[in-house]
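> Could you have a look at this structure, given as structure tokens, before my questions?
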Amino acid sequence: MEERVEQPVFVHCAANLRVSAFIYLYRQIKQNWSEEEAKVDLEKIWTPNKIWTQFIEEVIKKMMLSAMVVPWHTKNVSQETGFLLLF
């Protein structure tokens, strides 16, 4: 998606459920959206079930843990969330 920043990107799946979870994660991790901002579109489409909620939480947890092993002086720290941006 980053290669097409000047163009619309069409992302889809059969039921539009999985893709909404991945776009939610992309917006939080790559675009530095707050959880509340990212959830607006996610919840317009669906409320993730237990399995998908667990998956989303695990991805975010792994991102937070990854941030802990990077030198503190990195310039890739989100000013909004304080999370390290690894991408």
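Chain labels A, B, ... are given in the sequence in which chains occur in the structure tokens; within each chain residues are numbered consecutively from 1, and ligands are likewise numbered from 1 in the order shown.
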If we count only C-alpha atoms, what is near Ser20 in chain A at a cut-off of 10 Å, once residues fewer than 6 positions away on the same chain are taken out, given as a list in words?

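Once the nearby chain positions are removed, what remains is Val11, His12, Cys13, Tyr26, Ala38, Lys39, Asp41, Leu42, Glu43, Lys44, Ile45, Trp46, Thr47 and Pro48 of chain A.
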
> I need the chosen residues saved as a short mmCIF file (atom, residue, chain, number, x, y, z; two decimals), in the first residue's frame, with N, CA and C atoms.


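part-v5.cif, written as the output of this step:
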data_model
loop_
_atom_site.label_atom_id
_atom_site.label_comp_id
_atom_site.auth_asym_id
_atom_site.auth_seq_id
_atom_site.Cartn_x
_atom_site.Cartn_y
_atom_site.Cartn_z
N VAL A 11 -8.70 -3.12 -1.29
CA VAL A 11 -8.36 -4.29 -0.49
C VAL A 11 -9.67 -5.00 -0.17
N HIS A 12 -9.73 -6.30 -0.41
CA HIS A 12 -10.99 -7.00 -0.19
C HIS A 12 -10.78 -8.44 0.23
N CYS A 13 -11.84 -9.03 0.73
CA CYS A 13 -11.94 -10.46 0.97
C CYS A 13 -13.39 -10.84 0.71
N TYR A 26 -3.42 -2.17 10.21
CA TYR A 26 -2.56 -1.32 9.37
C TYR A 26 -2.66 0.14 9.80
N ALA A 38 -9.33 3.96 14.47
CA ALA A 38 -9.27 2.76 13.64
C ALA A 38 -10.52 1.90 13.80
N LYS A 39 -11.12 1.92 14.97
CA LYS A 39 -12.30 1.09 15.23
C LYS A 39 -13.56 1.59 14.53
N ASP A 41 -14.29 2.46 11.37
CA ASP A 41 -14.62 1.70 10.16
C ASP A 41 -14.75 0.21 10.43
N LEU A 42 -13.91 -0.32 11.30
CA LEU A 42 -14.01 -1.74 11.64
C LEU A 42 -15.41 -2.07 12.14
N GLU A 43 -15.91 -1.28 13.06
CA GLU A 43 -17.21 -1.58 13.67
C GLU A 43 -18.38 -1.22 12.76
N LYS A 44 -18.15 -0.43 11.71
CA LYS A 44 -19.21 -0.22 10.72
C LYS A 44 -19.46 -1.50 9.94
N ILE A 45 -18.40 -2.31 9.79
CA ILE A 45 -18.48 -3.52 8.98
C ILE A 45 -18.87 -4.73 9.83
N TRP A 46 -18.22 -4.87 10.98
CA TRP A 46 -18.54 -6.00 11.86
C TRP A 46 -17.88 -5.80 13.21
N THR A 47 -18.32 -6.60 14.15
CA THR A 47 -17.67 -6.68 15.45
C THR A 47 -16.93 -8.01 15.46
N PRO A 48 -15.60 -7.97 15.51
CA PRO A 48 -14.83 -9.21 15.45
C PRO A 48 -15.25 -10.20 16.53
#

> Residues within 12 Å of Phe10 in chain A, please, as a ChimeraX atom specification. Count only C-alpha atoms; anything in the same chain fewer than 5 positions from it doesn't count.

/A:1,4,16,19-20,23

> Would you please work out which residue, of A:Ala21, A:Glu2, A:Glu37, A:Ala15, is nearest to Trp52 in chain A when using only C-alpha atoms?

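Going through A:Ala21, A:Glu2, A:Glu37, A:Ala15 one by one, the smallest distance to Trp52 in chain A is for A:Ala21.
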
> Closest to Val5 in chain A among A:Leu17, A:Gln31, A:Ser66, A:Leu25, using only C-alpha atoms?

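Nearest candidate to Val5 in chain A out of A:Leu17, A:Gln31, A:Ser66, A:Leu25: A:Gln31.
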